[in-house]
file protein_23.tsv (TSV, C-alpha atoms and all ligand atoms)
chain	number	residue	atom	x	y	z
A	1	MET	CA	7.56	22.88	3.97
A	2	SER	CA	8.20	19.27	4.88
A	3	VAL	CA	7.80	19.99	8.62
A	4	LYS	CA	4.52	21.81	7.98
A	5	LYS	CA	3.14	18.89	5.95
A	6	PHE	CA	4.30	16.35	8.52
A	7	THR	CA	2.70	18.40	11.30
A	8	ALA	CA	-0.58	18.53	9.37
A	9	LEU	CA	-0.57	14.74	8.91
A	10	ALA	CA	0.42	14.05	12.52
A	11	ALA	CA	-2.21	16.47	13.85
A	12	THR	CA	-4.97	14.82	11.81
A	13	ALA	CA	-3.87	11.32	12.84
A	14	LEU	CA	-3.85	12.40	16.50
A	15	LYS	CA	-7.24	14.04	16.12
A	16	SER	CA	-8.66	10.73	14.90
A	17	ASN	CA	-8.03	9.38	18.43
A	18	VAL	CA	-10.49	11.71	20.04
A	19	THR	CA	-13.09	12.51	17.42
A	20	GLU	CA	-14.55	11.13	14.21
A	21	LEU	CA	-12.85	12.80	11.26
A	22	SER	CA	-15.13	14.64	8.87
A	23	ARG	CA	-13.07	13.56	5.86
A	24	PRO	CA	-10.33	11.02	5.14
A	25	TYR	CA	-6.66	11.91	5.12
A	26	LYS	CA	-5.44	8.81	3.30
A	27	LEU	CA	-6.53	7.65	-0.15
A	28	ASN	CA	-5.74	4.15	-1.38
A	29	PHE	CA	-6.31	4.43	-5.10
A	30	ALA	CA	-5.91	1.63	-7.66
A	31	ILE	CA	-5.22	3.72	-10.77
A	32	THR	CA	-5.31	0.70	-13.08
A	33	TYR	CA	-6.05	-3.01	-12.91
A	34	TRP	CA	-3.83	-3.73	-15.90
A	35	CYS	CA	-0.90	-5.91	-14.85
A	36	GLN	CA	1.68	-7.85	-16.82
A	37	SER	CA	2.55	-10.22	-13.96
A	38	ARG	CA	1.14	-13.74	-13.51
A	39	CYS	CA	1.00	-14.01	-9.73
A	40	MET	CA	-0.18	-17.20	-8.05
A	41	THR	CA	-1.60	-15.15	-5.17
A	42	CYS	CA	-3.73	-12.69	-7.13
A	43	ASN	CA	-6.02	-12.71	-10.16
A	44	ILE	CA	-5.79	-9.04	-11.12
A	45	TRP	CA	-3.51	-9.91	-14.04
A	46	GLN	CA	-6.35	-11.83	-15.68
A	47	LEU	CA	-8.47	-8.69	-15.97
A	48	LYS	CA	-8.56	-6.67	-19.16
A	49	PRO	CA	-10.25	-3.59	-17.74
A	50	LYS	CA	-12.03	-1.06	-19.92
A	51	GLY	CA	-13.41	2.36	-19.01
A	52	GLU	CA	-10.98	3.10	-16.18
A	53	LEU	CA	-10.89	6.67	-14.88
A	54	SER	CA	-9.25	9.00	-17.39
A	55	LEU	CA	-6.63	11.56	-16.48
A	56	ASP	CA	-9.22	14.34	-16.80
A	57	GLU	CA	-11.52	12.51	-14.40
A	58	ILE	CA	-8.69	11.96	-11.92
A	59	ARG	CA	-7.76	15.64	-12.19
A	60	ALA	CA	-11.38	16.55	-11.45
A	61	PHE	CA	-11.36	14.20	-8.43
A	62	ALA	CA	-8.06	15.61	-7.13
A	63	LYS	CA	-9.41	19.15	-7.49
A	64	GLU	CA	-12.72	18.44	-5.77
A	65	ASN	CA	-11.10	16.52	-2.89
A	66	ASN	CA	-8.03	18.52	-2.02
A	67	TYR	CA	-7.35	17.36	1.53
A	68	PHE	CA	-5.32	14.17	1.23
A	69	LYS	CA	-2.15	13.97	3.23
A	70	TRP	CA	-1.23	10.45	2.28
A	71	LEU	CA	-1.73	8.88	-1.12
A	72	GLU	CA	-1.19	5.30	-2.21
A	73	LEU	CA	-1.27	4.86	-5.99
A	74	THR	CA	-1.54	1.16	-6.55
A	75	GLY	CA	-2.66	-1.27	-9.24
A	76	GLY	CA	-2.39	-3.63	-11.04
A	77	GLU	CA	0.97	-2.20	-11.97
A	78	PRO	CA	0.68	1.58	-11.52
A	79	PHE	CA	3.62	2.34	-13.83
A	80	LEU	CA	1.63	0.86	-16.72
A	81	ARG	CA	-0.29	4.13	-16.71
A	82	ASN	CA	1.58	6.47	-19.04
A	83	ASP	CA	0.11	9.42	-17.18
A	84	ILE	CA	1.26	8.40	-13.68
A	85	VAL	CA	3.36	11.59	-13.37
A	86	GLU	CA	0.35	13.76	-14.24
A	87	ILE	CA	-1.81	11.81	-11.77
A	88	ALA	CA	0.69	12.36	-8.95
A	89	LYS	CA	0.99	16.01	-9.99
A	90	ALA	CA	-2.79	16.52	-9.84
A	91	PHE	CA	-2.83	15.38	-6.21
A	92	ALA	CA	0.37	17.25	-5.27
A	93	GLU	CA	-0.98	20.51	-6.71
A	94	ASN	CA	-4.40	20.27	-5.10
A	95	SER	CA	-3.73	18.58	-1.76
A	96	LYS	CA	-1.33	21.19	-0.42
A	97	ASP	CA	-0.49	19.13	2.67
A	98	LEU	CA	0.27	15.90	0.81
A	99	TYR	CA	3.17	14.43	2.81
A	100	VAL	CA	3.52	10.83	1.63
A	101	LEU	CA	3.06	9.14	-1.73
A	102	THR	CA	3.50	5.37	-1.83
A	103	MET	CA	3.53	3.16	-4.92
A	104	PRO	CA	4.31	-0.51	-5.50
A	105	THR	CA	6.00	-1.90	-8.60
A	106	ASN	CA	6.44	-5.41	-9.94
A	107	SER	CA	9.62	-4.24	-11.79
A	108	LEU	CA	8.29	-5.50	-15.12
A	109	CYS	CA	7.90	-2.14	-16.86
A	110	GLY	CA	10.81	-0.68	-18.84
A	111	ARG	CA	13.50	0.17	-16.30
A	112	GLN	CA	14.47	3.56	-17.74
A	113	MET	CA	10.85	4.54	-18.27
A	114	VAL	CA	10.07	3.89	-14.57
A	115	LEU	CA	13.15	5.79	-13.41
A	116	ASP	CA	12.37	8.78	-15.66
A	117	LYS	CA	8.80	8.96	-14.43
A	118	LEU	CA	9.85	8.48	-10.83
A	119	GLU	CA	12.40	11.26	-11.10
A	120	LYS	CA	9.66	13.63	-12.31
A	121	ILE	CA	7.41	12.54	-9.41
A	122	LEU	CA	10.26	13.14	-6.96
A	123	GLU	CA	10.43	16.74	-8.17
A	124	LEU	CA	6.79	17.51	-7.33
A	125	GLY	CA	7.58	18.67	-3.79
A	126	ILE	CA	6.12	15.69	-1.91
A	127	PRO	CA	8.34	15.17	1.19
A	128	LYS	CA	8.22	11.36	1.12
A	129	VAL	CA	7.89	9.27	-2.02
A	130	SER	CA	8.06	5.60	-1.18
A	131	ILE	CA	8.40	2.73	-3.64
A	132	THR	CA	7.70	-0.88	-2.69
A	133	VAL	CA	9.53	-3.29	-4.98
A	134	SER	CA	7.62	-6.58	-4.89
A	135	LEU	CA	9.80	-9.56	-4.01
A	136	ASP	CA	8.22	-12.77	-2.75
A	137	GLY	CA	11.20	-15.09	-2.60
A	138	TYR	CA	14.71	-15.94	-3.76
A	139	ARG	CA	15.33	-16.16	-7.52
A	140	GLU	CA	13.57	-19.45	-8.37
A	141	LEU	CA	10.78	-18.97	-5.87
A	142	HIS	CA	9.95	-15.37	-6.80
A	143	ASP	CA	9.91	-16.16	-10.50
A	144	LYS	CA	7.66	-19.17	-9.85
A	145	ILE	CA	5.18	-17.24	-7.65
A	146	ARG	CA	5.12	-14.30	-10.04
A	147	GLY	CA	4.96	-16.55	-13.12
A	148	ILE	CA	7.59	-14.49	-14.96
A	149	PRO	CA	11.11	-15.89	-15.54
A	150	GLY	CA	13.73	-13.23	-14.80
A	151	ASN	CA	11.45	-11.17	-12.54
A	152	TYR	CA	13.76	-11.63	-9.51
A	153	ASP	CA	16.73	-10.16	-11.36
A	154	LYS	CA	14.61	-7.22	-12.53
A	155	ALA	CA	13.48	-6.57	-8.94
A	156	ILE	CA	17.11	-6.59	-7.75
A	157	SER	CA	18.12	-4.20	-10.56
A	158	MET	CA	15.21	-1.93	-9.68
A	159	PHE	CA	16.29	-1.81	-6.04
A	160	LYS	CA	19.88	-0.99	-7.03
A	161	ASP	CA	18.62	1.76	-9.37
A	162	LEU	CA	16.62	3.22	-6.51
A	163	MET	CA	19.75	3.20	-4.33
A	164	GLU	CA	21.46	5.34	-6.98
A	165	LEU	CA	18.45	7.62	-7.42
A	166	ARG	CA	18.31	8.22	-3.67
A	167	LYS	CA	21.73	9.88	-3.91
A	168	ARG	CA	20.07	12.69	-5.89
A	169	HIS	CA	16.64	12.68	-4.21
A	170	LYS	CA	16.55	12.60	-0.44
A	171	ASN	CA	12.74	12.36	-0.48
A	172	LEU	CA	12.95	8.88	-2.05
A	173	TYR	CA	12.35	5.85	0.19
A	174	PHE	CA	12.09	2.24	-0.89
A	175	VAL	CA	11.74	-1.29	0.46
A	176	PHE	CA	11.19	-4.76	-0.86
A	177	GLY	CA	7.54	-5.75	-0.37
A	178	TYR	CA	7.38	-9.40	0.67
A	179	THR	CA	3.96	-11.04	0.62
A	180	MET	CA	3.84	-14.15	2.82
A	181	SER	CA	1.57	-16.84	1.44
A	182	THR	CA	1.05	-20.56	1.06
A	183	PHE	CA	3.57	-20.47	-1.76
A	184	ASN	CA	6.56	-19.07	0.13
A	185	GLN	CA	5.84	-19.88	3.76
A	186	GLY	CA	9.02	-20.51	5.73
A	187	GLN	CA	11.25	-18.96	3.05
A	188	LEU	CA	11.58	-15.37	4.25
A	189	ILE	CA	14.94	-15.58	6.03
A	190	LYS	CA	16.46	-17.63	3.19
A	191	THR	CA	15.20	-14.97	0.77
A	192	ILE	CA	16.87	-12.16	2.73
A	193	GLU	CA	20.13	-14.13	2.83
A	194	GLU	CA	19.95	-14.75	-0.93
A	195	VAL	CA	19.26	-11.08	-1.66
A	196	LYS	CA	22.37	-10.24	0.40
A	197	LYS	CA	24.47	-12.00	-2.24
A	198	ASP	CA	23.26	-9.45	-4.80
A	199	ILE	CA	22.98	-6.45	-2.49
A	200	PRO	CA	25.49	-6.94	0.37
A	201	GLU	CA	24.27	-3.91	2.34
A	202	ILE	CA	20.67	-5.14	2.51
A	203	ARG	CA	19.13	-5.20	6.00
A	204	TYR	CA	16.04	-6.87	7.43
A	205	ASN	CA	14.57	-3.36	7.72
A	206	ASP	CA	14.68	-3.09	3.93
A	207	PHE	CA	11.87	-5.64	3.72
A	208	HIS	CA	8.26	-4.79	4.38
A	209	LEU	CA	6.03	-7.77	5.20
A	210	ASN	CA	2.47	-8.35	4.12
A	211	LEU	CA	0.26	-11.34	4.57
A	212	GLY	CA	-1.36	-12.88	1.52
A	213	GLN	CA	-4.96	-11.65	1.69
A	214	VAL	CA	-8.20	-12.78	0.15
A	215	SER	CA	-10.36	-10.12	-1.46
A	216	SER	CA	-13.08	-10.67	-4.05
A	217	ASN	CA	-13.30	-6.99	-5.04
A	218	TYR	CA	-9.55	-6.36	-5.25
A	219	TYR	CA	-7.33	-9.39	-5.78
A	220	GLY	CA	-10.27	-11.43	-7.10
A	221	ASN	CA	-8.65	-14.41	-5.39
A	222	SER	CA	-11.43	-15.97	-3.30
A	223	ASP	CA	-10.72	-19.24	-5.14
A	224	ILE	CA	-7.03	-19.38	-4.10
A	225	GLU	CA	-5.72	-20.71	-0.79
A	226	VAL	CA	-3.19	-17.96	-0.15
A	227	LYS	CA	-2.98	-17.67	3.60
A	228	GLY	CA	-0.56	-20.44	4.46
A	229	ALA	CA	-0.03	-22.16	7.82
A	230	PRO	CA	-0.23	-19.68	10.76
A	231	GLU	CA	2.34	-21.60	12.82
A	232	ILE	CA	4.96	-21.45	10.03
A	233	ILE	CA	4.29	-17.85	9.08
A	234	SER	CA	4.14	-16.55	12.65
A	235	LYS	CA	7.46	-18.26	13.38
A	236	GLU	CA	9.15	-16.49	10.49
A	237	ILE	CA	7.61	-13.12	11.37
A	238	ALA	CA	9.02	-13.51	14.91
A	239	GLU	CA	12.45	-14.41	13.52
A	240	TYR	CA	12.29	-11.45	11.15
A	241	ILE	CA	11.38	-9.04	13.97
A	242	LYS	CA	14.44	-10.22	15.92
A	243	GLY	CA	16.66	-9.52	12.90
A	244	ARG	CA	15.52	-5.91	12.50
A	245	SER	CA	17.67	-3.11	13.80
A	246	PHE	CA	16.36	-0.11	15.73
A	247	GLU	CA	15.66	3.00	13.69
A	248	PRO	CA	14.69	6.35	15.16
A	249	GLY	CA	11.69	8.28	13.86
A	250	VAL	CA	7.93	8.04	13.91
A	251	ILE	CA	7.43	5.87	10.83
A	252	PRO	CA	9.90	3.12	11.95
A	253	GLN	CA	8.09	3.00	15.33
A	254	ILE	CA	4.73	2.59	13.61
A	255	GLU	CA	6.23	-0.11	11.38
A	256	SER	CA	7.45	-1.85	14.51
A	257	VAL	CA	3.93	-1.84	16.01
A	258	PHE	CA	2.54	-2.97	12.64
A	259	LEU	CA	4.83	-6.02	12.76
A	260	LYS	CA	3.99	-6.97	16.34
A	261	LYS	CA	0.30	-6.76	15.52
A	262	LEU	CA	0.90	-8.71	12.30
A	263	LEU	CA	2.29	-11.48	14.45
A	264	TYR	CA	-0.77	-11.34	16.70
A	265	TYR	CA	-3.13	-11.37	13.70
A	266	THR	CA	-1.31	-14.32	12.14
A	267	LYS	CA	-1.49	-16.34	15.34
A	268	THR	CA	-5.09	-15.55	16.27
A	269	GLY	CA	-6.85	-14.47	13.07
A	270	GLU	CA	-8.29	-11.61	15.13
A	271	MET	CA	-8.12	-7.90	14.35
A	272	PRO	CA	-5.43	-6.39	16.59
A	273	MET	CA	-7.44	-3.17	17.00
A	274	THR	CA	-10.48	-1.32	15.73
A	275	SER	CA	-10.19	-0.39	12.10
A	276	ARG	CA	-10.31	3.27	10.99
A	277	SER	CA	-11.58	2.38	7.51
A	278	LEU	CA	-14.07	4.86	6.03
A	279	GLU	CA	-13.00	7.41	8.55
A	280	ALA	CA	-9.25	7.98	8.17
A	281	SER	CA	-9.06	6.29	4.77
A	282	LEU	CA	-10.90	4.73	1.88
A	283	PHE	CA	-10.17	2.59	-1.13
A	284	MET	CA	-11.12	3.72	-4.62
A	285	ASP	CA	-10.83	1.44	-7.62
A	286	SER	CA	-9.87	2.40	-11.16
A	287	HIS	CA	-13.53	2.81	-12.15
A	288	GLY	CA	-14.28	5.28	-9.38
A	289	PHE	CA	-16.04	2.92	-6.98
A	290	VAL	CA	-15.46	3.74	-3.33
A	291	TYR	CA	-15.01	1.03	-0.69
A	292	PRO	CA	-14.26	1.24	3.05
A	293	SER	CA	-11.07	-0.75	2.62
A	294	ILE	CA	-9.15	-2.70	0.05
A	295	MET	CA	-10.34	-6.07	1.38
A	296	TRP	CA	-14.05	-5.39	1.83
A	297	ASP	CA	-16.28	-5.99	-1.18
A	298	LYS	CA	-18.74	-3.30	-0.20
A	299	LYS	CA	-19.34	-0.49	-2.67
A	300	ILE	CA	-20.36	2.77	-0.99
A	301	GLY	CA	-20.79	4.76	-4.19
A	302	ASN	CA	-19.10	5.92	-7.38
A	303	ILE	CA	-17.48	9.32	-7.78
A	304	ARG	CA	-18.65	9.49	-11.42
A	305	GLU	CA	-22.21	9.78	-10.13
A	306	HIS	CA	-21.30	12.62	-7.75
A	307	ASP	CA	-19.34	15.01	-9.98
A	308	TYR	CA	-16.13	13.48	-8.60
A	309	LYS	CA	-16.89	14.80	-5.11
A	310	LEU	CA	-16.47	12.42	-2.22
A	311	SER	CA	-18.50	14.46	0.25
A	312	ASP	CA	-21.93	13.09	-0.80
A	313	ILE	CA	-20.68	9.50	-0.66
A	314	TRP	CA	-18.89	10.17	2.62
A	315	SER	CA	-21.99	11.47	4.35
A	316	SER	CA	-24.49	9.06	2.73
A	317	ASP	CA	-26.72	6.75	4.76
A	318	MET	CA	-24.80	3.83	3.30
A	319	ALA	CA	-21.51	5.25	4.63
A	320	LYS	CA	-23.03	5.92	8.06
A	321	GLU	CA	-24.44	2.40	8.24
A	322	THR	CA	-21.08	0.95	7.19
A	323	ARG	CA	-19.26	2.89	9.93
A	324	LYS	CA	-21.65	1.39	12.47
A	325	GLU	CA	-20.88	-2.08	11.11
A	326	ILE	CA	-17.14	-1.38	11.41
A	327	LYS	CA	-17.56	-0.36	15.06
A	328	GLN	CA	-19.54	-3.57	15.64
A	329	GLY	CA	-16.60	-5.56	14.22
A	330	LYS	CA	-18.44	-6.65	11.08
A	331	GLU	CA	-15.67	-5.59	8.67
A	332	PRO	CA	-13.78	-8.60	7.27
A	333	LYS	CA	-10.78	-9.29	9.48
A	334	GLN	CA	-7.60	-7.96	7.92
A	335	TRP	CA	-4.27	-6.42	8.84
A	336	THR	CA	-2.84	-4.80	5.72
A	337	ALA	CA	-0.39	-1.93	5.46
A	338	CYS	CA	-3.01	-0.01	3.44
A	339	GLU	CA	-5.22	0.29	6.52
A	340	ALA	CA	-3.10	-0.69	9.54
A	341	TYR	CA	-1.04	2.48	9.87
A	342	GLN	CA	-4.19	4.62	10.23
A	343	SER	CA	-5.58	2.14	12.75
A	344	ILE	CA	-2.39	2.30	14.83
A	345	THR	CA	-2.19	6.10	14.82
A	346	GLY	CA	-5.93	6.33	15.47
A	347	ASN	CA	-5.85	3.97	18.47
A	348	LEU	CA	-3.00	5.41	20.51
A	349	LEU	CA	-5.08	5.35	23.69
A	350	SER	CA	-5.16	1.54	23.52
A	351	PHE	CA	-1.36	1.51	24.07
A	352	ILE	CA	-1.48	3.39	27.34
A	353	ARG	CA	-4.50	1.67	28.86
B	401	LIG	S1	-0.08	-9.09	-6.91
B	401	LIG	FE1	0.38	-7.17	-7.98
B	401	LIG	S2	1.84	-7.77	-9.58
B	401	LIG	FE2	0.80	-9.64	-8.92
B	401	LIG	S3	-0.95	-9.90	-10.34
B	401	LIG	FE3	-1.69	-8.81	-8.51
B	401	LIG	S4	-1.51	-6.66	-9.07
B	401	LIG	FE4	-0.22	-7.79	-10.51
call {"tool": "encode", "arguments": {"input": "protein_23.tsv", "output": "C-alpha cells"}}
result
Amino acid sequence: MSVKKFTALAATALKSNVTELSRPYKLNFAITYWCQSRCMTCNIWQLKPKGELSLDEIRAFAKENNYFKWLELTGGEPFLRNDIVEIAKAFAENSKDLYVLTMPTNSLCGRQMVLDKLEKILELGIPKVSITVSLDGYRELHDKIRGIPGNYDKAISMFKDLMELRKRHKNLYFVFGYTMSTFNQGQLIKTIEEVKKDIPEIRYNDFHLNLGQVSSNYYGNSDIEVKGAPEIISKEIAEYIKGRSFEPGVIPQIESVFLKKLLYYTKTGEMPMTSRSLEASLFMDSHGFVYPSIMWDKKIGNIREHDYKLSDIWSSDMAKETRKEIKQGKEPKQWTACEAYQSITGNLLSFIR
C-alpha cells in the first residue's frame, strides 16, 4: 500500500519534468486563519476570520478533487479546528494515493487534545504523517518572537510526546520548524545546543529551516521587516548544513538540495530554479480562494463559485495567463518548503545539465 502510493507520487513528480501536469498533486491548504500565537514575524494572529470553509464544504472539495498525493494542512493553527480529523479523513478517503500529510503546530493547543487527534489521523492509512513543531529560538528568544511566555517549554514537551507516539506509529515523522528572521538571525546553532539540554538525542537533522517570508495574502506581514541580514543568515545556514548527518532515502536527499538552494537564495535573492506553482501545486485559503503559491497575492478563483471543483479554475484563462507569467519569472521570488520540493523534483534535468 505504502509502496504503491509512493510510486504514484514519484511517477507524477517525474512526469512533471517532461510534460505539463493536467492537475496538481500537492495541495497547500490553510484550513483556518485562527491562531492563538502572537508572532513578531506574522500577522495572521490578528485576524478574526468569519465564514471559513465548513467541514461539509471541505468534504465536497475532497470528493470533487480526489487526486492529491501530498497534502499540507496549515493555518493559522490547524489544530484549532475541532474537525481536523474529519478533514484529514475526507482527503484520505477520496484521494486514494495520498502519500504524505504535513501539518505545523505552534504547540499552544491542549496537549492531550492534539495527541488524541493526531493518533486518529495516524490511523487513517496515510503512509507519512509529518508534524512540524514551530521553534524559532532558545527559551527566551522563542517566547519573545512568539509573544507567548512558556511557548518554548510547550514546544519541547510536544516534541517529546511525538517521540513517544512514534513508538506506536511508524508513519509519524516530526521536526522542529525554525523560521530564520530579523528577530533570531545568528541564533540557530545556539538554539540547537540549548534544545540538546532538554532533548539530548536531538540532531541537526531534526530541525527544518525556513526563511522569514513576506506575503500580503498569507502572513499579512508586508509592514514587517522579517528577512534579516543575508550575510548573517547565509553563514548560519552553511554552518547548519555542515552539522547535518547523512540520511539515506529520497526525502532526505531532496531536503539536502532544498538547503543548498536555500543558501543560494539567501545569498543572491534569486530563485534557484523555475517554480512549479499552479502546475504541481496550489495554495487554497480557508475561504476557498485559490492562489498559485502561498506567497503570491494573486487570486485565480474561488471553489465556492465552481461547485468545489478545481478543474474550471485550473483551466481558466486566468490560470493559463498566470502560468505564462511564472515561466517568464514574474512570480514573486521565494524559496519556501511549501513550493520548493515540487520545484526540485520537477527540475531534475537541471541537475544533470
Ligand atoms: S507564524 Fe504561525 S503561529 Fe505565528 S501567528 Fe502566524 S500562523 Fe500563528
call {"tool": "residues_around", "arguments": {"input": "protein_23.tsv", "residues": "stretch 314-321 of chain A", "least_positions_apart": "5", "cutoff": "9 Å", "atoms": "only C-alpha atoms", "output": "PyMOL selection string"}}
result
chain A and resi 22-24+278-279+292+300-301+326
call {"tool": "axis_aligned_box", "arguments": {"input": "protein_23.tsv", "around": "ligand LIG 401 (chain B)", "padding_each_side": "3 Å", "output": "lines of an AutoDock Vina configuration file"}}
result
center_x = 0.1
center_y = -8.3
center_z = -8.7
size_x = 9.5
size_y = 9.2
size_z = 9.6
call {"tool": "closest_residue", "arguments": {"input": "protein_23.tsv", "among": "A:Gly150, A:Gly243, A:Gly125, A:Gly329", "to": "A:Ala88", "atoms": "all atoms listed in the file"}}
result
A:Gly125
call {"tool": "residues_near_ligand", "arguments": {"input": "protein_23.tsv", "ligand": "ligand LIG 401 (chain B)", "cutoff": "9 Å", "atoms": "all atoms listed in the file", "output": "ChimeraX atom specification"}}
result
/A:33-46,74-78,104-108,134,145-146,179,218-219
call {"tool": "write_last_selection", "arguments": {"input": "protein_23.tsv", "atoms": "C-alpha atoms", "output": "CSV table (one decimal), keeping the file's coordinate frame"}}
result
chain,number,residue,atom,x,y,z
A,33,TYR,CA,-6.0,-3.0,-12.9
A,34,TRP,CA,-3.8,-3.7,-15.9
A,35,CYS,CA,-0.9,-5.9,-14.8
A,36,GLN,CA,1.7,-7.8,-16.8
A,37,SER,CA,2.6,-10.2,-14.0
A,38,ARG,CA,1.1,-13.7,-13.5
A,39,CYS,CA,1.0,-14.0,-9.7
A,40,MET,CA,-0.2,-17.2,-8.0
A,41,THR,CA,-1.6,-15.2,-5.2
A,42,CYS,CA,-3.7,-12.7,-7.1
A,43,ASN,CA,-6.0,-12.7,-10.2
A,44,ILE,CA,-5.8,-9.0,-11.1
A,45,TRP,CA,-3.5,-9.9,-14.0
A,46,GLN,CA,-6.4,-11.8,-15.7
A,74,THR,CA,-1.5,1.2,-6.6
A,75,GLY,CA,-2.7,-1.3,-9.2
A,76,GLY,CA,-2.4,-3.6,-11.0
A,77,GLU,CA,1.0,-2.2,-12.0
A,78,PRO,CA,0.7,1.6,-11.5
A,104,PRO,CA,4.3,-0.5,-5.5
A,105,THR,CA,6.0,-1.9,-8.6
A,106,ASN,CA,6.4,-5.4,-9.9
A,107,SER,CA,9.6,-4.2,-11.8
A,108,LEU,CA,8.3,-5.5,-15.1
A,134,SER,CA,7.6,-6.6,-4.9
A,145,ILE,CA,5.2,-17.2,-7.6
A,146,ARG,CA,5.1,-14.3,-10.0
A,179,THR,CA,4.0,-11.0,0.6
A,218,TYR,CA,-9.6,-6.4,-5.2
A,219,TYR,CA,-7.3,-9.4,-5.8
call {"tool": "residues_around", "arguments": {"input": "protein_23.tsv", "residues": "A:Lys298", "least_positions_apart": "2", "cutoff": "12 Å", "atoms": "all atoms listed in the file", "output": "PyMOL selection string"}}
result
chain A and resi 215-218+277-278+282-285+289-296+300-302+318-319+321-323+325-326+330-332
call {"tool": "atom_distance", "arguments": {"input": "protein_23.tsv", "atom1": "atom CA of A:Ala60", "atom2": "atom CA of A:Ile87"}}
result
10.7 Å
call {"tool": "atom_distance", "arguments": {"input": "protein_23.tsv", "atom1": "atom CA of A:Asn82", "atom2": "atom CA of A:His142"}}
result
26.4 Å
call {"tool": "closest_residue", "arguments": {"input": "protein_23.tsv", "among": "A:Ile126, A:Cys338, A:Ala90, A:Ile189", "to": "A:Asp56", "atoms": "only C-alpha atoms"}}
result
A:Ala90
call {"tool": "residues_around", "arguments": {"input": "protein_23.tsv", "residues": "stretch 10-16 of chain A", "least_positions_apart": "3", "cutoff": "12 Å", "atoms": "all atoms listed in the file", "output": "ChimeraX atom specification"}}
result
/A:3-7,19-26,67-70,97-100,250-251,275-281,341-349
call {"tool": "closest_residue", "arguments": {"input": "protein_23.tsv", "among": "A:Leu53, A:Leu124, A:Ile233, A:Ile303", "to": "A:Ser95", "atoms": "only C-alpha atoms"}}
result
A:Leu124
call {"tool": "residues_around", "arguments": {"input": "protein_23.tsv", "residues": "A:Asp206", "least_positions_apart": "5", "cutoff": "10 Å", "atoms": "all atoms listed in the file", "output": "MDAnalysis selection string"}}
result
chainID A and resid 132 173:177 192 201 244
call {"tool": "residues_around", "arguments": {"input": "protein_23.tsv", "residues": "A:Asp198", "least_positions_apart": "4", "cutoff": "12 Å", "atoms": "all atoms listed in the file", "output": "VMD selection string"}}
result
chain A and resid 138 to 139 152 to 157 159 to 160 191 to 194 202
call {"tool": "closest_residue", "arguments": {"input": "protein_23.tsv", "among": "A:Ala337, A:Ile254, A:Ile313, A:Val129", "to": "A:His169", "atoms": "only C-alpha atoms"}}
result
A:Val129
call {"tool": "closest_residue", "arguments": {"input": "protein_23.tsv", "among": "A:Glu164, A:Asp143, A:Glu236, A:Glu270", "to": "A:Met180", "atoms": "all atoms listed in the file"}}
result
A:Glu236
call {"tool": "closest_residue", "arguments": {"input": "protein_23.tsv", "among": "A:His208, A:Arg111, A:Lys120, A:Lys197", "to": "A:Leu172", "atoms": "all atoms listed in the file"}}
result
A:Lys120
call {"tool": "residues_near_point", "arguments": {"input": "protein_23.tsv", "point": "(-0.1, -12.6, -0.5)", "cutoff": "9 Å", "atoms": "only C-alpha atoms", "output": "list of chain:residue names"}}
result
A:Met40, A:Thr41, A:Cys42, A:Asp136, A:Tyr178, A:Thr179, A:Met180, A:Ser181, A:Thr182, A:Phe183, A:Asn210, A:Leu211, A:Gly212, A:Gln213, A:Val214, A:Val226, A:Lys227
call {"tool": "write_last_selection", "arguments": {"input": "protein_23.tsv", "atoms": "C-alpha atoms", "output": "mmCIF file, in the frame of the given file"}}
result
data_model
loop_
_atom_site.group_PDB
_atom_site.id
_atom_site.type_symbol
_atom_site.label_atom_id
_atom_site.label_comp_id
_atom_site.auth_asym_id
_atom_site.auth_seq_id
_atom_site.Cartn_x
_atom_site.Cartn_y
_atom_site.Cartn_z
ATOM 1 C CA MET A 40 -0.180 -17.200 -8.050
ATOM 2 C CA THR A 41 -1.600 -15.150 -5.170
ATOM 3 C CA CYS A 42 -3.730 -12.690 -7.130
ATOM 4 C CA ASP A 136 8.220 -12.770 -2.750
ATOM 5 C CA TYR A 178 7.380 -9.400 0.670
ATOM 6 C CA THR A 179 3.960 -11.040 0.620
ATOM 7 C CA MET A 180 3.840 -14.150 2.820
ATOM 8 C CA SER A 181 1.570 -16.840 1.440
ATOM 9 C CA THR A 182 1.050 -20.560 1.060
ATOM 10 C CA PHE A 183 3.570 -20.470 -1.760
ATOM 11 C CA ASN A 210 2.470 -8.350 4.120
ATOM 12 C CA LEU A 211 0.260 -11.340 4.570
ATOM 13 C CA GLY A 212 -1.360 -12.880 1.520
ATOM 14 C CA GLN A 213 -4.960 -11.650 1.690
ATOM 15 C CA VAL A 214 -8.200 -12.780 0.150
ATOM 16 C CA VAL A 226 -3.190 -17.960 -0.150
ATOM 17 C CA LYS A 227 -2.980 -17.670 3.600
#
call {"tool": "atom_distance", "arguments": {"input": "protein_23.tsv", "atom1": "atom CA of A:Ile232", "atom2": "atom CA of A:Thr266"}}
result
9.7 Å
call {"tool": "decode", "arguments": {"input": "protein_23.tsv", "residues": "stretch 22-28 of chain A", "atoms": "N, CA and C atoms", "output": "CSV table (one decimal), in the first residue's frame"}}
result
chain,number,residue,atom,x,y,z
A,22,SER,N,-1.7,17.9,-15.9
A,22,SER,CA,-3.0,18.4,-16.1
A,22,SER,C,-3.7,18.7,-14.8
A,23,ARG,N,-3.2,18.3,-13.7
A,23,ARG,CA,-3.8,18.6,-12.4
A,23,ARG,C,-2.7,18.5,-11.3
A,24,PRO,N,-2.9,19.3,-10.3
A,24,PRO,CA,-1.9,19.3,-9.2
A,24,PRO,C,-1.8,18.0,-8.4
A,25,TYR,N,-0.6,17.7,-7.9
A,25,TYR,CA,-0.6,16.6,-7.0
A,25,TYR,C,-0.4,17.0,-5.5
A,26,LYS,N,0.0,18.3,-5.3
A,26,LYS,CA,0.1,18.8,-3.9
A,26,LYS,C,-0.9,19.9,-3.7
A,27,LEU,N,-1.5,19.8,-2.5
A,27,LEU,CA,-2.4,20.9,-2.1
A,27,LEU,C,-1.9,21.5,-0.8
A,28,ASN,N,-1.6,22.8,-0.8
A,28,ASN,CA,-1.3,23.5,0.4
A,28,ASN,C,-2.6,24.2,0.8
